[in-house]
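Student: Sharing start.pdb, PDB, C-alpha atoms and all ligand atoms:
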MODEL        1
ATOM      1  CA  MET A   1      16.343  37.385  -4.941
ATOM      2  CA  ALA A   2      18.303  35.187  -2.534
ATOM      3  CA  ARG A   3      19.194  38.147  -0.290
ATOM      4  CA  SER A   4      15.592  39.227  -0.278
ATOM      5  CA  GLY A   5      14.575  35.698   0.745
ATOM      6  CA  GLY A   6      17.120  35.905   3.566
ATOM      7  CA  PHE A   7      15.574  39.145   4.769
ATOM      8  CA  PHE A   8      12.025  37.782   4.869
ATOM      9  CA  ALA A   9      13.174  34.551   6.570
ATOM     10  CA  GLN A  10      14.197  36.559   9.672
ATOM     11  CA  GLU A  11      12.179  36.779  12.866
ATOM     12  CA  PRO A  12       9.368  39.373  12.825
ATOM     13  CA  ALA A  13      11.259  41.536  15.363
ATOM     14  CA  GLN A  14      14.303  41.769  13.080
ATOM     15  CA  LYS A  15      12.124  42.781  10.161
ATOM     16  CA  GLN A  16      10.246  45.314  12.298
ATOM     17  CA  ALA A  17      13.615  46.873  13.177
ATOM     18  CA  VAL A  18      13.537  48.446   9.693
ATOM     19  CA  ALA A  19       9.845  49.359   9.690
ATOM     20  CA  PRO A  20       9.083  52.988   8.766
ATOM     21  CA  PRO A  21       9.858  55.096  11.892
ATOM     22  CA  TYR A  22       6.729  57.198  11.427
ATOM     23  CA  GLN A  23       3.608  57.044   9.311
ATOM     24  CA  GLY A  24       4.379  58.395   5.861
ATOM     25  CA  TYR A  25       8.081  57.455   5.900
ATOM     26  CA  PRO A  26       8.507  56.154   2.364
ATOM     27  CA  TYR A  27      10.824  53.170   2.863
ATOM     28  CA  GLY A  28      11.445  50.144   5.027
ATOM     29  CA  TYR A  29       9.631  46.944   5.938
ATOM     30  CA  LEU A  30       5.866  46.717   5.646
ATOM     31  CA  GLY A  31       4.417  43.653   7.336
ATOM     32  CA  PRO A  32       1.243  41.746   6.513
ATOM     33  CA  ASP A  33      -1.941  43.859   6.727
ATOM     34  CA  ALA A  34      -0.152  47.037   5.637
ATOM     35  CA  GLU A  35      -1.652  47.644   2.218
ATOM     36  CA  ALA A  36      -4.828  47.308   0.182
ATOM     37  CA  PRO A  37      -3.995  48.609  -3.309
ATOM     38  CA  ALA A  38      -7.432  47.779  -4.759
ATOM     39  CA  ARG A  39      -8.673  50.625  -2.561
ATOM     40  CA  SER A  40      -6.933  52.988  -4.977
ATOM     41  CA  LYS A  41      -9.538  51.709  -7.451
ATOM     42  CA  GLY A  42     -12.420  52.377  -5.076
ATOM     43  CA  GLU A  43     -12.789  48.731  -3.956
ATOM     44  CA  ASP A  44     -13.236  48.004  -0.262
ATOM     45  CA  THR A  45     -11.045  44.917   0.129
ATOM     46  CA  PRO A  46      -9.169  43.189   2.961
ATOM     47  CA  PRO A  47      -5.396  43.876   3.097
ATOM     48  CA  ASP A  48      -3.049  41.964   0.804
ATOM     49  CA  LEU A  49      -1.395  38.700   1.872
ATOM     50  CA  LYS A  50       2.114  40.036   1.490
ATOM     51  CA  GLU A  51       5.059  41.689   3.168
ATOM     52  CA  SER A  52       7.570  43.975   1.484
ATOM     53  CA  PHE A  53      10.876  45.758   1.837
ATOM     54  CA  ASN A  54      11.154  49.111   0.079
ATOM     55  CA  GLY A  55      14.060  51.336  -0.851
ATOM     56  CA  GLY A  56      14.631  54.562  -2.730
ATOM     57  CA  PRO A  57      17.155  56.329  -4.977
ATOM     58  CA  LEU A  58      20.838  55.649  -4.389
ATOM     59  CA  ARG A  59      21.818  59.333  -4.555
ATOM     60  CA  VAL A  60      20.233  62.589  -3.420
ATOM     61  CA  PRO A  61      20.496  65.495  -5.915
ATOM     62  CA  VAL A  62      22.009  68.629  -4.355
ATOM     63  CA  ASP A  63      19.039  70.780  -5.395
ATOM     64  CA  ALA A  64      16.273  68.470  -4.106
ATOM     65  CA  SER A  65      13.277  70.400  -2.720
ATOM     66  CA  ALA A  66      12.045  69.924   0.849
ATOM     67  CA  ALA A  67       8.977  68.028  -0.393
ATOM     68  CA  ALA A  68      11.134  65.724  -2.505
ATOM     69  CA  LEU A  69      13.484  65.134   0.442
ATOM     70  CA  ASP A  70      10.548  64.157   2.650
ATOM     71  CA  PHE A  71       8.735  61.940   0.228
ATOM     72  CA  CYS A  72      11.396  60.153  -1.786
ATOM     73  CA  TYR A  73      14.907  60.973  -0.623
ATOM     74  CA  GLN A  74      14.657  59.649   2.920
ATOM     75  CA  PRO A  75      17.345  57.031   3.524
ATOM     76  CA  THR A  76      16.642  53.388   2.840
ATOM     77  CA  LEU A  77      16.723  51.513   6.186
ATOM     78  CA  TRP A  78      19.284  48.750   5.932
ATOM     79  CA  PRO A  79      18.685  45.438   7.679
ATOM     80  CA  ASP A  80      21.483  44.002   9.768
ATOM     81  CA  LEU A  81      22.484  41.497   7.067
ATOM     82  CA  PRO A  82      25.951  42.323   5.650
ATOM     83  CA  ALA A  83      25.378  41.011   2.102
ATOM     84  CA  PHE A  84      21.983  42.659   1.684
ATOM     85  CA  ARG A  85      22.892  46.267   0.908
ATOM     86  CA  PRO A  86      25.493  45.624  -1.827
ATOM     87  CA  ALA A  87      23.139  43.223  -3.619
ATOM     88  CA  TRP A  88      20.239  45.671  -3.305
ATOM     89  CA  GLU A  89      22.238  48.638  -4.575
ATOM     90  CA  ALA A  90      23.667  46.650  -7.489
ATOM     91  CA  TYR A  91      20.193  45.508  -8.500
ATOM     92  CA  TYR A  92      18.751  49.025  -8.152
ATOM     93  CA  ALA A  93      21.530  50.460 -10.334
ATOM     94  CA  ALA A  94      21.035  47.751 -12.969
ATOM     95  CA  MET A  95      17.284  48.465 -13.051
ATOM     96  CA  GLU A  96      17.894  52.199 -13.388
ATOM     97  CA  GLY A  97      20.113  51.509 -16.403
ATOM     98  CA  LEU A  98      17.646  49.073 -17.927
ATOM     99  CA  ALA A  99      14.729  51.481 -17.410
ATOM    100  CA  ALA A 100      16.670  54.218 -19.214
ATOM    101  CA  ARG A 101      17.191  51.824 -22.155
ATOM    102  CA  VAL A 102      13.513  50.886 -22.182
ATOM    103  CA  MET A 103      12.606  54.594 -22.184
ATOM    104  CA  ARG A 104      14.764  55.008 -25.321
ATOM    105  CA  ALA A 105      12.877  52.140 -26.945
ATOM    106  CA  PHE A 106       9.603  53.744 -25.832
ATOM    107  CA  ALA A 107      10.632  57.018 -27.479
ATOM    108  CA  ALA A 108      11.511  55.241 -30.725
ATOM    109  CA  SER A 109       8.208  53.367 -30.808
ATOM    110  CA  LEU A 110       6.352  56.638 -30.213
ATOM    111  CA  GLU A 111       8.205  58.064 -33.239
ATOM    112  CA  LEU A 112      10.182  60.493 -31.106
ATOM    113  CA  PRO A 113      13.968  60.962 -31.070
ATOM    114  CA  GLU A 114      15.453  58.161 -28.928
ATOM    115  CA  GLY A 115      16.742  60.646 -26.383
ATOM    116  CA  HIS A 116      13.386  62.374 -25.969
ATOM    117  CA  PHE A 117      12.776  61.205 -22.391
ATOM    118  CA  GLU A 118      16.325  61.772 -21.163
ATOM    119  CA  PRO A 119      15.748  65.298 -19.738
ATOM    120  CA  PHE A 120      12.864  63.870 -17.698
ATOM    121  CA  ILE A 121      14.859  61.039 -16.134
ATOM    122  CA  ALA A 122      18.146  62.640 -15.071
ATOM    123  CA  ASN A 123      17.381  61.971 -11.378
ATOM    124  CA  PRO A 124      14.545  59.459 -11.380
ATOM    125  CA  ILE A 125      12.737  58.979  -8.059
ATOM    126  CA  SER A 126      12.222  55.258  -8.642
ATOM    127  CA  ALA A 127      11.591  52.785  -5.833
ATOM    128  CA  LEU A 128      12.658  49.179  -5.532
ATOM    129  CA  ARG A 129      10.397  46.802  -3.678
ATOM    130  CA  ALA A 130      11.076  43.212  -2.658
ATOM    131  CA  LEU A 131       7.876  41.262  -2.111
ATOM    132  CA  HIS A 132       7.218  38.077  -0.229
ATOM    133  CA  TYR A 133       3.901  36.313  -0.304
ATOM    134  CA  PRO A 134       3.839  33.667   2.439
ATOM    135  CA  ALA A 135       2.471  30.211   1.609
ATOM    136  CA  THR A 136      -1.312  30.284   1.760
ATOM    137  CA  THR A 137      -2.736  27.739   4.172
ATOM    138  CA  ALA A 138      -5.995  29.085   5.528
ATOM    139  CA  ARG A 139      -8.814  30.062   3.264
ATOM    140  CA  PRO A 140      -8.242  33.651   2.185
ATOM    141  CA  LEU A 141     -10.967  36.111   3.198
ATOM    142  CA  ASP A 142     -13.547  37.044   0.620
ATOM    143  CA  LYS A 143     -11.857  39.233  -2.025
ATOM    144  CA  GLN A 144      -8.465  38.859  -0.311
ATOM    145  CA  GLN A 145      -5.558  38.566  -2.747
ATOM    146  CA  ARG A 146      -1.794  38.443  -2.576
ATOM    147  CA  ALA A 147      -1.904  41.773  -4.403
ATOM    148  CA  GLY A 148      -5.319  43.280  -5.075
ATOM    149  CA  ALA A 149      -6.136  44.566  -8.549
ATOM    150  CA  HIS A 150      -4.288  47.801  -9.243
ATOM    151  CA  THR A 151      -2.352  49.717 -11.852
ATOM    152  CA  ASP A 152       1.194  50.881 -11.206
ATOM    153  CA  TYR A 153       1.709  54.608 -10.842
ATOM    154  CA  GLY A 154       4.815  55.610 -12.701
ATOM    155  CA  SER A 155       6.365  55.463 -16.145
ATOM    156  CA  LEU A 156       7.150  51.748 -16.191
ATOM    157  CA  THR A 157       7.680  48.834 -13.833
ATOM    158  CA  ILE A 158      10.303  46.147 -14.234
ATOM    159  CA  LEU A 159       9.076  43.099 -12.366
ATOM    160  CA  LEU A 160      11.103  39.983 -11.694
ATOM    161  CA  PRO A 161       8.675  37.277 -10.601
ATOM    162  CA  GLN A 162      10.143  34.222  -8.920
ATOM    163  CA  PRO A 163      10.860  31.855 -11.837
ATOM    164  CA  GLY A 164       8.188  29.205 -12.239
ATOM    165  CA  SER A 165       5.792  30.946  -9.854
ATOM    166  CA  GLN A 166       2.128  31.508 -10.583
ATOM    167  CA  GLY A 167      -0.547  33.949  -9.630
ATOM    168  CA  LEU A 168       0.252  37.166 -11.513
ATOM    169  CA  GLN A 169      -2.621  38.069 -13.824
ATOM    170  CA  VAL A 170      -3.344  40.977 -16.171
ATOM    171  CA  GLN A 171      -6.759  42.142 -17.242
ATOM    172  CA  GLN A 172      -7.545  41.929 -20.953
ATOM    173  CA  GLY A 173     -11.076  43.047 -21.741
ATOM    174  CA  ASP A 174     -13.143  41.388 -19.017
ATOM    175  CA  GLN A 175     -10.782  38.411 -18.638
ATOM    176  CA  TRP A 176      -7.937  37.808 -16.208
ATOM    177  CA  VAL A 177      -5.005  36.293 -18.086
ATOM    178  CA  ASP A 178      -2.140  34.426 -16.344
ATOM    179  CA  VAL A 179       1.322  35.914 -16.852
ATOM    180  CA  PRO A 180       3.962  33.173 -17.107
ATOM    181  CA  ALA A 181       7.212  33.502 -15.139
ATOM    182  CA  PRO A 182       9.892  31.659 -17.112
ATOM    183  CA  GLU A 183      13.483  31.620 -15.863
ATOM    184  CA  GLY A 184      15.398  34.760 -16.822
ATOM    185  CA  ALA A 185      12.443  36.914 -17.887
ATOM    186  CA  PHE A 186      11.236  40.304 -16.674
ATOM    187  CA  VAL A 187       7.683  41.533 -16.914
ATOM    188  CA  ILE A 188       7.601  45.169 -18.086
ATOM    189  CA  ASN A 189       4.473  47.062 -17.187
ATOM    190  CA  ILE A 190       3.271  50.490 -18.313
ATOM    191  CA  GLY A 191       2.234  52.737 -15.401
ATOM    192  CA  ASP A 192      -0.426  55.440 -15.032
ATOM    193  CA  LEU A 193       2.002  58.262 -15.712
ATOM    194  CA  MET A 194       3.020  56.782 -19.077
ATOM    195  CA  ALA A 195      -0.645  56.271 -20.028
ATOM    196  CA  ARG A 196      -1.164  59.940 -19.254
ATOM    197  CA  TRP A 197       1.974  60.955 -21.137
ATOM    198  CA  THR A 198       0.807  59.075 -24.254
ATOM    199  CA  ALA A 199      -2.764  60.442 -23.882
ATOM    200  CA  ASP A 200      -3.972  56.842 -23.405
ATOM    201  CA  ARG A 201      -2.377  55.518 -26.575
ATOM    202  CA  TRP A 202      -0.666  53.116 -24.155
ATOM    203  CA  VAL A 203      -2.603  51.404 -21.390
ATOM    204  CA  SER A 204      -1.662  51.141 -17.730
ATOM    205  CA  THR A 205      -2.672  47.506 -17.358
ATOM    206  CA  LEU A 206      -4.770  46.421 -14.397
ATOM    207  CA  HIS A 207      -3.054  43.485 -12.690
ATOM    208  CA  ARG A 208      -3.171  41.439  -9.497
ATOM    209  CA  VAL A 209      -1.575  38.472  -7.756
ATOM    210  CA  VAL A 210      -4.266  35.968  -6.833
ATOM    211  CA  ALA A 211      -4.436  34.036  -3.565
ATOM    212  CA  ILE A 212      -5.505  30.405  -3.816
ATOM    213  CA  PRO A 213      -5.545  28.037  -0.796
ATOM    214  CA  GLY A 214      -2.407  25.878  -0.589
ATOM    215  CA  GLN A 215      -0.080  28.019  -2.723
ATOM    216  CA  PRO A 216       3.656  27.849  -1.970
ATOM    217  CA  ALA A 217       5.430  31.059  -0.901
ATOM    218  CA  ARG A 218       6.318  33.415  -3.737
ATOM    219  CA  GLN A 219       8.822  36.250  -4.098
ATOM    220  CA  SER A 220       9.194  39.045  -6.590
ATOM    221  CA  LEU A 221      11.263  42.198  -7.121
ATOM    222  CA  ALA A 222       9.488  45.227  -8.518
ATOM    223  CA  TYR A 223      11.345  48.331  -9.714
ATOM    224  CA  PHE A 224       8.965  51.256 -10.145
ATOM    225  CA  HIS A 225      10.531  53.725 -12.516
ATOM    226  CA  GLN A 226       9.434  57.326 -11.878
ATOM    227  CA  PRO A 227      10.662  60.461 -13.698
ATOM    228  CA  ASP A 228      12.464  63.275 -11.840
ATOM    229  CA  TRP A 229      10.509  64.969  -9.056
ATOM    230  CA  ASP A 230      10.048  68.195 -11.067
ATOM    231  CA  ALA A 231       9.530  66.602 -14.495
ATOM    232  CA  GLU A 232       6.435  68.087 -16.071
ATOM    233  CA  ILE A 233       4.333  65.449 -17.792
ATOM    234  CA  VAL A 234       2.243  66.893 -20.639
ATOM    235  CA  PRO A 235       0.416  64.699 -23.203
ATOM    236  CA  LEU A 236       2.860  63.976 -26.053
ATOM    237  CA  ASP A 237       0.228  64.380 -28.756
ATOM    238  CA  GLY A 238      -0.205  68.051 -27.858
ATOM    239  CA  SER A 239      -3.781  67.459 -26.718
ATOM    240  CA  ASP A 240      -5.272  68.649 -23.464
ATOM    241  CA  VAL A 241      -6.958  65.361 -22.478
ATOM    242  CA  TYR A 242      -4.849  65.457 -19.313
ATOM    243  CA  ALA A 243      -3.690  68.523 -17.447
ATOM    244  CA  PRO A 244       0.082  68.778 -16.937
ATOM    245  CA  VAL A 245       1.332  67.172 -13.709
ATOM    246  CA  ARG A 246       4.674  67.065 -11.964
ATOM    247  CA  SER A 247       6.033  63.570 -11.461
ATOM    248  CA  GLY A 248       6.769  63.803  -7.719
ATOM    249  CA  PRO A 249       3.583  65.461  -6.462
ATOM    250  CA  TYR A 250       1.565  63.187  -8.769
ATOM    251  CA  LEU A 251       3.137  60.098  -7.199
ATOM    252  CA  MET A 252       2.596  61.474  -3.704
ATOM    253  CA  GLY A 253      -1.106  61.909  -4.446
ATOM    254  CA  LYS A 254      -1.352  58.314  -5.653
ATOM    255  CA  PHE A 255      -0.013  56.927  -2.386
ATOM    256  CA  GLN A 256      -2.690  58.535  -0.281
ATOM    257  CA  ALA A 257      -5.461  56.028  -1.137
ATOM    258  CA  THR A 258      -3.739  52.675  -0.448
ATOM    259  CA  GLY A 259      -2.587  52.634   3.210
ATOM    260  CA  VAL A 260      -4.770  50.890   5.776
TER     261      VAL A 260
HETATM  262  O1  LIG A 301       4.513  40.308  -7.190
HETATM  263  C1  LIG A 301       4.113  40.514  -8.324
HETATM  264  O2  LIG A 301       4.247  39.659  -9.221
HETATM  265  C2  LIG A 301       3.429  41.804  -8.703
HETATM  266  C3  LIG A 301       3.525  42.877  -7.665
HETATM  267  C4  LIG A 301       2.892  44.167  -8.108
HETATM  268  O3  LIG A 301       2.113  44.219  -9.024
HETATM  269  C5  LIG A 301       3.248  45.429  -7.417
HETATM  270  O4  LIG A 301       3.905  45.385  -6.360
HETATM  271  O5  LIG A 301       2.892  46.499  -7.939
HETATM  272 FE    FE A 302       1.828  46.273  -9.654
ENDMDL
END
Turn the structure described in the file into structure tokens.
Tutor:
Amino acid sequence: MARSGGFFAQEPAQKQAVAPPYQGYPYGYLGPDAEAPARSKGEDTPPDLKESFNGGPLRVPVDASAAALDFCYQPTLWPDLPAFRPAWEAYYAAMEGLAARVMRAFAASLELPEGHFEPFIANPISALRALHYPATTARPLDKQQRAGAHTDYGSLTILLPQPGSQGLQVQQGDQWVDVPAPEGAFVINIGDLMARWTADRWVSTLHRVVAIPGQPARQSLAYFHQPDWDAEIVPLDGSDVYAPVRSGPYLMGKFQATGV
């Protein structure tokens, strides 16, 4: 979290040095105005009040397909801050391990053998994203949020909100409910792919980060766990409520609606 803060504290030009080199490059620095996730839900909203740094898997499998190489195995673009990369890689690896443990717990609670998901997550194509929401001073535009209402795309998300920070909300029925951020706690979120996998027995929760005038800056780290590129996701109950999808192409399709 501290290294991420150090990255965002740099001059804009230093951050732009690790911006995606072309449109569609999956990783790097995205400045303010880059994203409007509520558009993935069909809402025409202004861009989010945030900036982010994004990185991908630590290793490239030898048999990765050309599409997988393009979309998720491009190199992470390292900022010129010596302590950043080791901290980032250590955190990514810890999240990958934790996600694998959570997937075992998921299997158990779905009354499957604990190792059920293991063949699907041998080479997960997860992304790690550091987020920085600058202090809000001006009045946000109508419907402008720090993160517009969206669901996450993958199997699960492990979010570390800045301890003591406010603004993250989840939708329950027609109410927005504040999610507390106590010291030392992660927020684990089900994503769209897991909802699909469980044939909607589990819900991919709509959530957002609200913008209120006069808020202090806020940081978070979000690890988006995503099964192997080729993993075929078929409803676990044997039903045909959802057609089978492959994890990688499914994720690629999801990204097409949110860019500005
Ligand atoms: O910053 C947060 O607390 C949430 C961010 C989020 O929901 C996301 O990046 O998908
Ligand atoms: Fe999210």
Student: Go through A:Ala149, A:Val210, A:Leu49, A:Ala99 one by one, measure the shortest atom-to-atom distance of each to ligand FE 302 (chain A) using only C-alpha atoms and all ligand atoms, and give the residue with the smallest value.
Tutor: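 Closest to ligand FE 302 (chain A), using only C-alpha atoms and all ligand atoms: A:Ala149.
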Student: Just so the selection is clear, what residues does the PyMOL selection byres (((chain A and resi 14) around 12) and not hetatm) cover here, as a PyMOL selection string?
Tutor: chain A and resi 6-13+15-19+28-29+31+78-81
Student: Write out, as a PDB file, keeping the file's coordinate frame, the residues just selected, with C-alpha atoms.
Tutor:
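The result, stored in out.pdb:
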ATOM      1  CA  GLY A   6      17.120  35.905   3.566  1.00  0.00           C
ATOM      2  CA  PHE A   7      15.574  39.145   4.769  1.00  0.00           C
ATOM      3  CA  PHE A   8      12.025  37.782   4.869  1.00  0.00           C
ATOM      4  CA  ALA A   9      13.174  34.551   6.570  1.00  0.00           C
ATOM      5  CA  GLN A  10      14.197  36.559   9.672  1.00  0.00           C
ATOM      6  CA  GLU A  11      12.179  36.779  12.866  1.00  0.00           C
ATOM      7  CA  PRO A  12       9.368  39.373  12.825  1.00  0.00           C
ATOM      8  CA  ALA A  13      11.259  41.536  15.363  1.00  0.00           C
ATOM      9  CA  LYS A  15      12.124  42.781  10.161  1.00  0.00           C
ATOM     10  CA  GLN A  16      10.246  45.314  12.298  1.00  0.00           C
ATOM     11  CA  ALA A  17      13.615  46.873  13.177  1.00  0.00           C
ATOM     12  CA  VAL A  18      13.537  48.446   9.693  1.00  0.00           C
ATOM     13  CA  ALA A  19       9.845  49.359   9.690  1.00  0.00           C
ATOM     14  CA  GLY A  28      11.445  50.144   5.027  1.00  0.00           C
ATOM     15  CA  TYR A  29       9.631  46.944   5.938  1.00  0.00           C
ATOM     16  CA  GLY A  31       4.417  43.653   7.336  1.00  0.00           C
ATOM     17  CA  TRP A  78      19.284  48.750   5.932  1.00  0.00           C
ATOM     18  CA  PRO A  79      18.685  45.438   7.679  1.00  0.00           C
ATOM     19  CA  ASP A  80      21.483  44.002   9.768  1.00  0.00           C
ATOM     20  CA  LEU A  81      22.484  41.497   7.067  1.00  0.00           C
TER      21      LEU A  81
END
Student: Pick out the residues no farther than 10 Å from ligand FE 302 (chain A), counting only C-alpha atoms and all ligand atoms, and list them as a ChimeraX atom specification.
Tutor: /A:37,147-153,157-159,168,170,189-191,205-209,222-224
Student: Just checking: using all atoms listed in the file, which residue out of A:Gln169, A:Gln175, A:Ser204, A:Thr137 ends up closest to ligand LIG 301 (chain A)?
Tutor: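 Residue with the minimum atom-to-atom distance to ligand LIG 301 (chain A): A:Gln169.
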Student: Using the chain letters and numbers from this file, what does the PyMOL selection byres (((chain A and resi 179) around 9) and not hetatm) select? Give the answer as a PyMOL selection string.
Tutor: chain A and resi 166-170+177-178+180-181+187
Student: Take the residues from that selection and put them in a file with C-alpha atoms, as a tab-separated table (two decimals), in the frame of the given file.
Tutor:
chain	number	residue	atom	x	y	z
A	166	GLN	CA	2.13	31.51	-10.58
A	167	GLY	CA	-0.55	33.95	-9.63
A	168	LEU	CA	0.25	37.17	-11.51
A	169	GLN	CA	-2.62	38.07	-13.82
A	170	VAL	CA	-3.34	40.98	-16.17
A	177	VAL	CA	-5.00	36.29	-18.09
A	178	ASP	CA	-2.14	34.43	-16.34
A	180	PRO	CA	3.96	33.17	-17.11
A	181	ALA	CA	7.21	33.50	-15.14
A	187	VAL	CA	7.68	41.53	-16.91
Student: Ranking A:Glu114, A:Asp48, A:Asp70, A:Asp240 by minimum distance to Pro134 (chain A) and counting all atoms listed in the file, which one comes first?
Tutor: A:Asp48
Student: CA of Trp197 (chain A) and CA of Leu112 (chain A) are how many Å apart?
Tutor: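 About the pair CA of Trp197 (chain A) and CA of Leu112 (chain A): they are 12.9 Å apart.
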Student: CA of Met103 (chain A) and CA of Phe255 (chain A), how far apart in Å?
Tutor: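 So the two atoms, CA of Phe255 (chain A) and CA of Met103 (chain A), lie 23.6 Å apart.
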Student: I'd like the residues picked by the PyMOL selection byres (((chain A and resi 57) around 9) and not hetatm) written out as a PyMOL selection string, using the chain letters and numbers from the file.
Tutor: chain A and resi 55-56+58-60+72-76+92+123-128
Student: If we draw a sphere of 9 Å around (8.1, 63.7, -12.0), which residues have at least one atom in it when counting only C-alpha atoms? Please report them as a ChimeraX atom specification.
Tutor: /A:120-121,124-125,154,193,226-233,245-251
Student: Mind writing the picked residues with C-alpha atoms as a PDB file, keeping the file's coordinate frame?
Tutor:
ATOM      1  CA  PHE A 120      12.864  63.870 -17.698  1.00  0.00           C
ATOM      2  CA  ILE A 121      14.859  61.039 -16.134  1.00  0.00           C
ATOM      3  CA  PRO A 124      14.545  59.459 -11.380  1.00  0.00           C
ATOM      4  CA  ILE A 125      12.737  58.979  -8.059  1.00  0.00           C
ATOM      5  CA  GLY A 154       4.815  55.610 -12.701  1.00  0.00           C
ATOM      6  CA  LEU A 193       2.002  58.262 -15.712  1.00  0.00           C
ATOM      7  CA  GLN A 226       9.434  57.326 -11.878  1.00  0.00           C
ATOM      8  CA  PRO A 227      10.662  60.461 -13.698  1.00  0.00           C
ATOM      9  CA  ASP A 228      12.464  63.275 -11.840  1.00  0.00           C
ATOM     10  CA  TRP A 229      10.509  64.969  -9.056  1.00  0.00           C
ATOM     11  CA  ASP A 230      10.048  68.195 -11.067  1.00  0.00           C
ATOM     12  CA  ALA A 231       9.530  66.602 -14.495  1.00  0.00           C
ATOM     13  CA  GLU A 232       6.435  68.087 -16.071  1.00  0.00           C
ATOM     14  CA  ILE A 233       4.333  65.449 -17.792  1.00  0.00           C
ATOM     15  CA  VAL A 245       1.332  67.172 -13.709  1.00  0.00           C
ATOM     16  CA  ARG A 246       4.674  67.065 -11.964  1.00  0.00           C
ATOM     17  CA  SER A 247       6.033  63.570 -11.461  1.00  0.00           C
ATOM     18  CA  GLY A 248       6.769  63.803  -7.719  1.00  0.00           C
ATOM     19  CA  PRO A 249       3.583  65.461  -6.462  1.00  0.00           C
ATOM     20  CA  TYR A 250       1.565  63.187  -8.769  1.00  0.00           C
ATOM     21  CA  LEU A 251       3.137  60.098  -7.199  1.00  0.00           C
TER      22      LEU A 251
END
Student: Pick from A:Glu183, A:Asp63, A:Glu35, A:Glu111: nearest to ligand LIG 301 (chain A), with all atoms listed in the file counted?
Tutor: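 Going through A:Glu183, A:Asp63, A:Glu35, A:Glu111 one by one, the smallest distance to ligand LIG 301 (chain A) is for A:Glu35.
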Student: Quick one: 4 Å padding each side, axis-aligned, all listed atoms of ligand LIG 301 (chain A) - centre and edge lengths in Å to one decimal, as AutoDock Vina command-line options?
Tutor:
--center_x 3.3 --center_y 43.1 --center_z -7.8 --size_x 10.4 --size_y 14.8 --size_z 10.9
Student: Tell me which of A:Leu236, A:Ala130, A:Leu221, A:Ala38 sits closest to Asn54 (chain A), counting only C-alpha atoms.
Tutor: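 So, comparing all the options, the nearest one is A:Ala130.
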Student: Quick one: of A:Trp176, A:Phe84, A:Phe53, A:Phe117, who's nearest to ligand LIG 301 (chain A), counting only C-alpha atoms and all ligand atoms?
Tutor: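 Looking only at the distances to ligand LIG 301 (chain A), the closest residue turns out to be A:Phe53.
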Student: Provide the CA of Val203 (chain A) to CA of Ala243 (chain A) distance in Å, to one decimal place.
Tutor: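 These two atoms are separated by 17.6 Å.
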